[in-house]
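Raw query-v9.txt, compact mmCIF, C-alpha atoms:
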# COMPACT_ATOMS: atom_id res chain seq x y z
CA MET Z 287 0.89 30.54 12.02
CA LYS Z 288 2.23 34.10 11.93
CA ARG Z 289 4.47 35.26 9.10
CA ARG Z 290 7.48 35.57 11.42
CA GLN Z 291 7.01 31.99 12.66
CA LEU Z 292 6.68 30.71 9.08
CA MET Z 293 9.94 32.39 8.14
CA GLN Z 294 11.70 30.84 11.16
CA VAL Z 295 10.47 27.36 10.25
CA ALA Z 296 11.43 27.82 6.61
CA GLY Z 297 14.88 29.06 7.65
CA ALA Z 298 15.42 26.09 9.94
CA ALA Z 299 14.36 23.67 7.21
CA ALA Z 300 16.79 25.26 4.77
CA LEU Z 301 19.58 25.07 7.33
CA TRP Z 302 18.98 21.38 8.20
CA PRO Z 303 20.84 19.87 5.21
CA THR Z 304 23.82 22.09 6.02
CA LEU Z 305 23.79 20.96 9.65
CA SER Z 306 23.51 17.31 8.59
CA ARG Z 307 26.47 17.64 6.25
CA ALA Z 308 28.48 19.39 8.96
CA GLN Z 309 27.70 16.60 11.41
CA ASP Z 310 28.76 14.00 8.81
CA GLN Z 311 32.11 15.75 8.49
CA ARG Z 312 33.09 15.09 12.08
CA PRO Z 313 36.44 13.27 12.13
CA LEU Z 314 36.25 9.52 11.72
CA ARG Z 315 38.16 7.72 14.48
CA LEU Z 316 40.00 4.58 13.37
CA LEU Z 317 41.01 2.57 16.44
CA VAL Z 318 44.06 0.28 16.18
CA PRO Z 319 44.81 -2.30 18.92
CA THR Z 320 48.60 -2.10 18.65
CA THR Z 321 51.41 0.34 19.39
CA PRO Z 322 52.58 3.08 16.98
CA GLY Z 323 55.08 1.73 14.48
CA SER Z 324 53.70 -1.81 14.55
CA VAL Z 325 52.69 -3.52 11.31
CA PRO Z 326 48.93 -3.10 11.92
CA ASP Z 327 49.51 0.56 12.79
CA ILE Z 328 51.53 1.23 9.62
CA ALA Z 329 49.02 -0.57 7.39
CA ASN Z 330 45.97 1.12 8.87
CA ARG Z 331 47.50 4.60 8.80
CA GLU Z 332 47.96 4.21 5.06
CA LEU Z 333 44.42 2.86 4.74
CA GLY Z 334 43.10 5.77 6.80
CA ARG Z 335 44.92 8.29 4.66
CA ARG Z 336 43.31 6.90 1.53
CA LEU Z 337 39.87 6.54 3.11
CA GLN Z 338 40.07 10.19 4.08
CA ALA Z 339 40.50 11.13 0.43
CA GLU Z 340 37.61 8.91 -0.69
CA LEU Z 341 35.20 10.04 2.02
CA GLY Z 342 36.19 13.70 2.06
CA GLN Z 343 36.35 13.33 5.82
CA THR Z 344 39.23 13.52 8.28
CA VAL Z 345 40.35 10.10 9.53
CA VAL Z 346 42.24 10.06 12.82
CA VAL Z 347 44.08 6.88 13.85
CA GLU Z 348 44.03 6.22 17.59
CA ASN Z 349 46.24 3.50 19.10
CA LYS Z 350 44.51 1.48 21.82
CA PRO Z 351 46.92 -1.35 22.73
CA GLY Z 352 46.38 -3.72 25.62
CA GLY Z 353 44.48 -6.84 26.63
CA ALA Z 354 45.19 -8.60 23.32
CA GLY Z 355 42.85 -6.12 21.64
CA ALA Z 356 40.22 -6.05 24.39
CA VAL Z 357 41.08 -2.45 25.35
CA MET Z 358 40.30 -1.25 21.82
CA VAL Z 359 37.12 -3.29 21.56
CA THR Z 360 35.84 -1.92 24.89
CA GLU Z 361 36.34 1.59 23.49
CA LEU Z 362 34.51 0.65 20.30
CA LYS Z 363 31.52 -0.82 22.14
CA ARG Z 364 31.08 2.49 24.00
CA ALA Z 365 30.91 4.43 20.72
CA ALA Z 366 27.70 5.38 18.95
CA PRO Z 367 26.87 3.28 15.84
CA ASP Z 368 26.96 6.31 13.56
CA GLY Z 369 30.00 5.55 11.41
CA HIS Z 370 32.32 7.99 13.18
CA THR Z 371 34.18 5.29 15.13
CA LEU Z 372 35.61 2.23 13.41
CA ALA Z 373 38.15 -0.36 14.53
CA ALA Z 374 40.86 -2.28 12.76
CA GLY Z 375 39.97 -5.93 12.90
CA PHE Z 376 42.43 -8.79 12.70
CA LEU Z 377 42.61 -12.52 13.16
CA SER Z 378 43.71 -11.95 16.76
CA THR Z 379 41.24 -9.22 17.72
CA LEU Z 380 38.04 -10.92 16.61
CA SER Z 381 38.85 -14.60 16.13
CA VAL Z 382 41.19 -15.19 19.08
CA THR Z 383 40.93 -12.69 21.94
CA PRO Z 384 37.38 -13.51 23.15
CA SER Z 385 38.48 -17.06 23.99
CA LEU Z 386 41.35 -15.83 26.17
CA PHE Z 387 38.99 -14.50 28.85
CA LYS Z 388 36.48 -16.13 31.15
CA PRO Z 389 33.80 -14.94 30.75
CA GLN Z 390 34.27 -13.75 27.19
CA PRO Z 391 34.33 -9.92 27.10
CA TYR Z 392 32.55 -9.73 23.76
CA HIS Z 393 31.16 -11.92 21.01
CA PRO Z 394 32.98 -11.44 17.69
CA ILE Z 395 29.82 -11.90 15.62
CA ASP Z 396 26.86 -10.66 17.65
CA ASP Z 397 28.40 -7.50 19.13
CA PHE Z 398 29.58 -5.74 15.96
CA SER Z 399 28.84 -4.55 12.46
CA HIS Z 400 31.38 -6.06 10.06
CA LEU Z 401 32.45 -3.85 7.16
CA GLY Z 402 34.86 -6.10 5.31
CA ILE Z 403 38.37 -7.51 4.94
CA TRP Z 404 40.67 -5.48 2.71
CA CYS Z 405 43.91 -7.48 2.71
CA HIS Z 406 45.75 -10.42 4.18
CA GLY Z 407 49.35 -11.34 4.84
CA TYR Z 408 51.39 -14.11 6.41
CA PHE Z 409 53.86 -14.59 9.23
CA VAL Z 410 57.39 -15.91 8.95
CA LEU Z 411 59.81 -17.81 11.16
CA ALA Z 412 63.13 -15.97 11.25
CA VAL Z 413 66.51 -16.29 12.97
CA PRO Z 414 69.49 -13.92 13.29
CA ALA Z 415 71.74 -13.96 10.23
CA SER Z 416 74.54 -15.28 12.45
CA SER Z 417 72.48 -18.34 13.44
CA PRO Z 418 73.88 -21.74 12.38
CA TRP Z 419 70.33 -22.88 11.48
CA ARG Z 420 69.46 -22.64 7.83
CA THR Z 421 66.35 -24.82 7.76
CA VAL Z 422 63.43 -25.75 9.99
CA ALA Z 423 64.98 -29.20 10.33
CA ASP Z 424 68.19 -27.63 11.67
CA LEU Z 425 66.25 -25.68 14.25
CA LEU Z 426 64.24 -28.70 15.41
CA ALA Z 427 67.38 -30.84 15.66
CA ALA Z 428 68.95 -28.21 17.92
CA ALA Z 429 65.78 -27.94 20.00
CA ARG Z 430 65.68 -31.69 20.57
CA THR Z 431 69.26 -31.80 21.83
CA SER Z 432 69.13 -28.58 23.85
CA GLN Z 433 69.31 -28.86 27.64
CA GLY Z 434 66.37 -26.48 27.95
CA PRO Z 435 63.61 -25.21 25.67
CA LEU Z 436 64.68 -22.72 23.00
CA HIS Z 437 63.17 -19.26 23.27
CA PHE Z 438 61.06 -17.66 20.56
CA GLY Z 439 60.03 -14.02 20.45
CA THR Z 440 56.72 -12.59 19.29
CA ALA Z 441 54.96 -9.23 19.30
CA GLY Z 442 53.02 -10.25 22.40
CA ASN Z 443 51.01 -12.89 24.19
CA ALA Z 444 48.31 -14.60 22.11
CA THR Z 445 49.41 -12.76 18.94
CA PRO Z 446 49.39 -14.73 15.67
CA GLY Z 447 53.10 -15.46 16.03
CA HIS Z 448 52.53 -16.98 19.45
CA LEU Z 449 49.62 -19.08 18.23
CA PHE Z 450 51.35 -20.32 15.09
CA VAL Z 451 54.54 -21.42 16.86
CA THR Z 452 52.47 -23.09 19.57
CA GLN Z 453 50.56 -25.03 16.91
CA TRP Z 454 53.79 -25.89 15.08
CA SER Z 455 55.64 -27.00 18.24
CA HIS Z 456 52.73 -29.28 19.14
CA ALA Z 457 52.86 -30.87 15.69
CA ALA Z 458 56.66 -31.25 15.93
CA GLY Z 459 56.57 -32.63 19.47
CA VAL Z 460 59.03 -29.97 20.65
CA LYS Z 461 58.57 -27.44 23.45
CA PHE Z 462 59.67 -23.83 23.03
CA SER Z 463 59.69 -21.01 25.58
CA HIS Z 464 57.67 -17.95 24.62
CA VAL Z 465 59.13 -14.44 25.05
CA PRO Z 466 56.46 -11.79 24.39
CA PHE Z 467 57.64 -8.31 23.38
CA LYS Z 468 55.72 -5.04 23.18
CA GLY Z 469 54.99 -4.97 19.49
CA SER Z 470 56.50 -5.96 16.16
CA ALA Z 471 59.28 -3.38 16.17
CA ASP Z 472 60.64 -4.68 19.48
CA VAL Z 473 60.54 -8.35 18.54
CA VAL Z 474 62.21 -7.78 15.16
CA LEU Z 475 64.95 -5.71 16.83
CA SER Z 476 65.47 -8.50 19.38
CA GLY Z 477 65.93 -10.96 16.52
CA VAL Z 478 68.46 -8.70 14.81
CA ARG Z 479 70.45 -8.36 18.04
CA GLY Z 480 70.25 -12.08 18.77
CA ASP Z 481 68.47 -11.57 22.09
CA VAL Z 482 66.31 -14.59 21.20
CA PRO Z 483 67.30 -17.40 18.84
CA MET Z 484 64.15 -17.16 16.71
CA ILE Z 485 61.21 -14.83 16.15
CA THR Z 486 57.88 -14.84 14.34
CA ASP Z 487 56.20 -11.77 12.88
CA GLY Z 488 54.65 -10.38 9.72
CA THR Z 489 56.73 -9.63 6.66
CA GLN Z 490 56.63 -5.83 6.68
CA LEU Z 491 59.28 -5.26 9.35
CA VAL Z 492 61.17 -8.51 8.75
CA LEU Z 493 61.85 -8.06 5.03
CA PRO Z 494 64.05 -4.93 5.37
CA GLN Z 495 66.21 -6.78 7.90
CA VAL Z 496 66.49 -9.75 5.56
CA ALA Z 497 67.57 -7.40 2.76
CA ALA Z 498 70.12 -5.84 5.11
CA GLY Z 499 71.57 -9.26 5.89
CA LYS Z 500 70.54 -9.18 9.55
CA LEU Z 501 67.79 -11.81 9.61
CA ARG Z 502 67.23 -15.11 7.80
CA VAL Z 503 63.74 -16.50 7.19
CA LEU Z 504 63.48 -20.27 7.57
CA ALA Z 505 59.82 -20.74 6.65
CA VAL Z 506 56.57 -18.93 5.96
CA PHE Z 507 53.25 -19.78 7.60
CA ALA Z 508 51.49 -19.62 4.23
CA PRO Z 509 49.82 -22.06 1.80
CA GLN Z 510 52.35 -21.22 -0.91
CA ARG Z 511 55.67 -19.45 -1.23
CA LEU Z 512 55.57 -15.67 -1.11
CA SER Z 513 56.68 -13.62 -4.09
CA VAL Z 514 58.79 -11.46 -1.76
CA LEU Z 515 60.53 -14.60 -0.43
CA PRO Z 516 60.54 -16.97 -3.40
CA ASP Z 517 63.34 -19.19 -2.08
CA THR Z 518 61.81 -19.66 1.38
CA PRO Z 519 59.76 -22.84 1.90
CA THR Z 520 56.32 -22.97 3.47
CA MET Z 521 55.74 -24.83 6.73
CA THR Z 522 53.97 -27.49 4.67
CA GLU Z 523 57.10 -27.95 2.57
CA ALA Z 524 59.06 -28.19 5.84
CA GLY Z 525 56.83 -31.10 6.85
CA PHE Z 526 54.07 -29.40 8.84
CA ALA Z 527 50.80 -28.99 6.96
CA GLY Z 528 47.87 -26.93 8.20
CA ILE Z 529 49.83 -24.07 9.77
CA ASP Z 530 49.18 -21.60 6.99
CA HIS Z 531 46.71 -19.13 8.42
CA PRO Z 532 46.21 -15.75 6.70
CA VAL Z 533 46.59 -12.74 8.98
CA TRP Z 534 43.90 -10.50 7.55
CA HIS Z 535 43.14 -6.82 7.99
CA GLY Z 536 39.52 -5.65 8.13
CA LEU Z 537 37.28 -2.98 9.62
CA PHE Z 538 34.35 -3.29 11.98
CA ALA Z 539 32.03 -0.95 13.87
CA PRO Z 540 29.61 -0.96 16.81
CA ALA Z 541 26.53 -3.13 16.39
CA GLY Z 542 23.53 -1.40 14.86
CA LEU Z 543 25.35 0.56 12.18
CA PRO Z 544 22.70 1.87 9.74
CA THR Z 545 22.73 0.22 6.33
CA SER Z 546 23.20 3.56 4.57
CA VAL Z 547 26.31 4.31 6.64
CA SER Z 548 27.70 0.80 6.20
CA SER Z 549 27.18 0.97 2.43
CA ARG Z 550 28.97 4.33 2.21
CA LEU Z 551 31.97 3.07 4.17
CA GLN Z 552 32.17 -0.20 2.24
CA ALA Z 553 32.01 1.67 -1.07
CA ALA Z 554 34.96 3.82 0.01
CA LEU Z 555 36.89 0.73 1.10
CA VAL Z 556 36.30 -0.98 -2.23
CA LYS Z 557 37.61 2.09 -4.07
CA VAL Z 558 40.77 2.10 -1.96
CA THR Z 559 41.41 -1.60 -2.63
CA GLN Z 560 41.14 -0.92 -6.36
CA GLN Z 561 43.97 1.61 -6.32
CA VAL Z 562 46.94 0.04 -8.10
CA ASP Z 563 49.58 1.91 -6.09
CA PHE Z 564 47.90 0.81 -2.85
CA GLN Z 565 47.98 -2.80 -4.04
CA LYS Z 566 51.66 -2.44 -4.92
CA TRP Z 567 52.49 -0.79 -1.59
CA ASN Z 568 51.00 -3.76 0.25
CA GLU Z 569 52.56 -6.36 -2.05
CA ASP Z 570 56.00 -4.90 -1.37
CA ALA Z 571 55.32 -5.53 2.33
CA GLY Z 572 54.20 -9.11 1.70
CA ARG Z 573 50.45 -8.44 1.96
CA PHE Z 574 47.79 -9.09 -0.63
CA VAL Z 575 44.92 -6.67 -1.21
CA GLU Z 576 41.74 -8.69 -1.65
CA TRP Z 577 38.29 -7.31 -0.87
CA ARG Z 578 35.81 -9.43 1.09
CA SER Z 579 32.45 -8.02 2.08
CA GLY Z 580 31.12 -7.61 5.59
CA GLU Z 581 29.08 -10.78 5.14
CA GLN Z 582 32.18 -12.72 4.07
CA MET Z 583 34.15 -11.25 6.96
CA ARG Z 584 31.47 -12.38 9.41
CA GLY Z 585 31.62 -15.94 8.04
CA GLN Z 586 35.40 -16.08 8.21
CA VAL Z 587 35.46 -14.80 11.79
CA ALA Z 588 32.87 -17.40 12.81
CA ARG Z 589 34.98 -20.25 11.39
CA GLU Z 590 38.23 -18.98 12.90
CA PHE Z 591 36.63 -18.26 16.26
CA ALA Z 592 35.57 -21.90 16.60
CA PHE Z 593 38.99 -23.18 15.51
CA TRP Z 594 41.10 -20.98 17.78
CA ALA Z 595 38.85 -21.55 20.80
CA ARG Z 596 39.80 -25.24 20.58
CA GLU Z 597 43.50 -24.50 20.03
CA ILE Z 598 43.66 -22.05 22.92
CA GLN Z 599 42.06 -24.56 25.26
CA ARG Z 600 44.41 -27.33 24.11
CA ALA Z 601 47.52 -25.17 24.52
CA GLY Z 602 46.40 -23.55 27.77
CA ILE Z 603 47.04 -20.03 26.45
CA SER Z 604 45.68 -17.20 28.58
CA THR Z 605 46.02 -13.44 28.92
CA ALA Z 606 48.87 -13.82 31.42
Could you render the structure as C-alpha cells?
Amino acid sequence: MKRRQLMQVAGAAALWPTLSRAQDQRPLRLLVPTTPGSVPDIANRELGRRLQAELGQTVVVENKPGGAGAVMVTELKRAAPDGHTLAAGFLSTLSVTPSLFKPQPYHPIDDFSHLGIWCHGYFVLAVPASSPWRTVADLLAAARTSQGPLHFGTAGNATPGHLFVTQWSHAAGVKFSHVPFKGSADVVLSGVRGDVPMITDGTQLVLPQVAAGKLRVLAVFAPQRLSVLPDTPTMTEAGFAGIDHPVWHGLFAPAGLPTSVSSRLQAALVKVTQQVDFQKWNEDAGRFVEWRSGEQMRGQVAREFAFWAREIQRAGISTA
C-alpha cells in the first residue's frame, strides 16, 4: 500500500471513534401516548429532563396521542432499535390496548425491548365539592335510585379510569354511563365545573383541586391509603376488594435493542430513580418511585395482559 493510502486509512481509523460518539449524541426521542399537559406527559418530561443530564444527550419528548396508545406504538415499531427512540409505557399502552383491537396490532411482550418500570401511582374516584355524596355508599345509593345511569368522566376510552370504574360497577351491580374526555386536564376541569357527577383520574391533577376545595375524593383504587390522602378510604375499605391496580410508568424500545445500549439506558434510569428530589417530586403528586428491571417489567405486563384481556371481553369495551 502506498504511503498516501496508509495515511488515509490511519486518518479514517483515528476519526472513527469521534464519528461514533457524534452518532451516539443524536437526540433521544421519548414518545408519549397522551396529550401535552396530561399526567403521563408531565411525568415523562421530568424524567426526560433528568435522563438528559445522566446520558449527556438531548432528550426530546414527542406526544403521539390516539388509538389508546396504538398511534405511538406504531411509530415506535418503525424506529431503528438503536436506543435513539424510546416510548413511555403504561398499564394501558402495553397491558390493555392490544386486546381492544381485532386482530391485535402488536404483542406487548414479543414486539419490544423492555427497559424497566420507574414508578407507579393510583387513580381516585372524585366528585365536585358541591356534590351531596361524601362516601362511595352515598354515590351507589343515588345511582340505584336514579332514573337513568349516572355519568362518569375519564381521560378517554379504555384508559385506566374507564377500566377501573367498569370493574367496580360490575362488582357493585350498578350501571354507569361513560363520558370520555381528551386527556386528564379536560376530565379534571369537567369535574370541577360539575359537567359530570363523578370522575376518575390520577392524583397529580386531582390533588391541587382537592386542596383548592373544588373536588372531593371518595375513594382510591389502591391497596392501602395514600399518604397524600390519608383520610380517604380505599375501594377495599368501601367494600370492593381487588380494584387496586397500580398505574405504572416504564420505558420500552423497539425489539432487538442491543444489550450494551439497553444496559446504558437502564443504568441511567436507575440513577434517576435514586435522586431524592425526584422521589419527593413524584411523592407529592401521589406516585411512588420504585425501580423494576426490564425482566420484571416484562413479567408484570404478561400477567396484566392476560387479566385485562378477560375483563375487556367481559365488559365489551372496544376502541369506539
(Q) Taking 2 positions as the minimum chain separation for residues in the same chain, which residues sit within 6 Å of segment 348-354 of chain Z when counting only C-alpha atoms? Answer as JSON, numbers by chain. (A) {"Z": [317, 318, 319, 320, 321, 356, 357, 358]}
Q) Once you count all atoms listed in the file, which residues end up no further than 10 Å from (64.0, -17.0, 13.4) in the file's frame, shown as a count of residues only? A) 29
Q: Have a look at Z:Phe526, Z:Trp534, Z:Tyr392, Z:Phe398 and name the one nearest to Gly572 of chain Z; count all atoms listed in the file.
A: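 When distances to Gly572 of chain Z are compared using all atoms listed in the file, the smallest one comes from Z:Trp534.
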Q. Restricting the calculation to only C-alpha atoms, which member of Z:Gly528, Z:Asp424, Z:Ala444, Z:Gln311 is positioned closest to Pro384 of chain Z?
A.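 Among Z:Gly528, Z:Asp424, Z:Ala444, Z:Gln311, it is Z:Ala444 that comes nearest to Pro384 of chain Z.
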Residues near Gly323 of chain Z, anyone? I mean within 7 Å using only C-alpha atoms, not counting same-chain ones fewer than 3 positions away, as a tab-separated table (two decimals) with C-alpha atoms, keeping the file's coordinate frame.
chain	number	residue	atom	x	y	z
Z	327	ASP	CA	49.51	0.56	12.79
Z	328	ILE	CA	51.53	1.23	9.62
Z	471	ALA	CA	59.28	-3.38	16.17
Q: For atom CA of Val473 of chain Z and atom CA of Lys500 of chain Z, quote the distance in Å rounded to one decimal.
A: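 Separation between atom CA of Val473 of chain Z and atom CA of Lys500 of chain Z: 13.5 Å.
Here atom CA of Arg479 of chain Z is placed at a distance of 12.2 Å from atom CA of Gly499 of chain Z.
Minimum distance to Glu569 of chain Z across Z:Leu380, Z:Leu493, Z:Val451, Z:Ala527 (counting only C-alpha atoms) occurs at Z:Leu493.
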Q. Between atom CA of Glu597 of chain Z and atom CA of Gly536 of chain Z, what is the distance, to one decimal in Å?
A.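 Between atom CA of Glu597 of chain Z and atom CA of Gly536 of chain Z the gap works out to 22.6 Å.
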Q. Contacts of segment 543-551 of chain Z at 10 Å or less, counting all atoms listed in the file, minus same-chain residues fewer than 5 places along, as a PyMOL selection string?
A. chain Z and resi 337+340-341+366-370+372+398-402+537-538+556+580
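Closest approach to Ala541 of chain Z from the set Z:Ile403, Z:Thr383, Z:Leu491, Z:Thr371 is made by Z:Thr371, with distances taken over all atoms listed in the file.
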Q.
For Lys468 of chain Z, find every residue with an atom within 8 Å (counting all atoms listed in the file), except residues of its own chain fewer than 2 positions away, and show them as a PyMOL selection string.
A. chain Z and resi 321+441-442+466+470+472-473
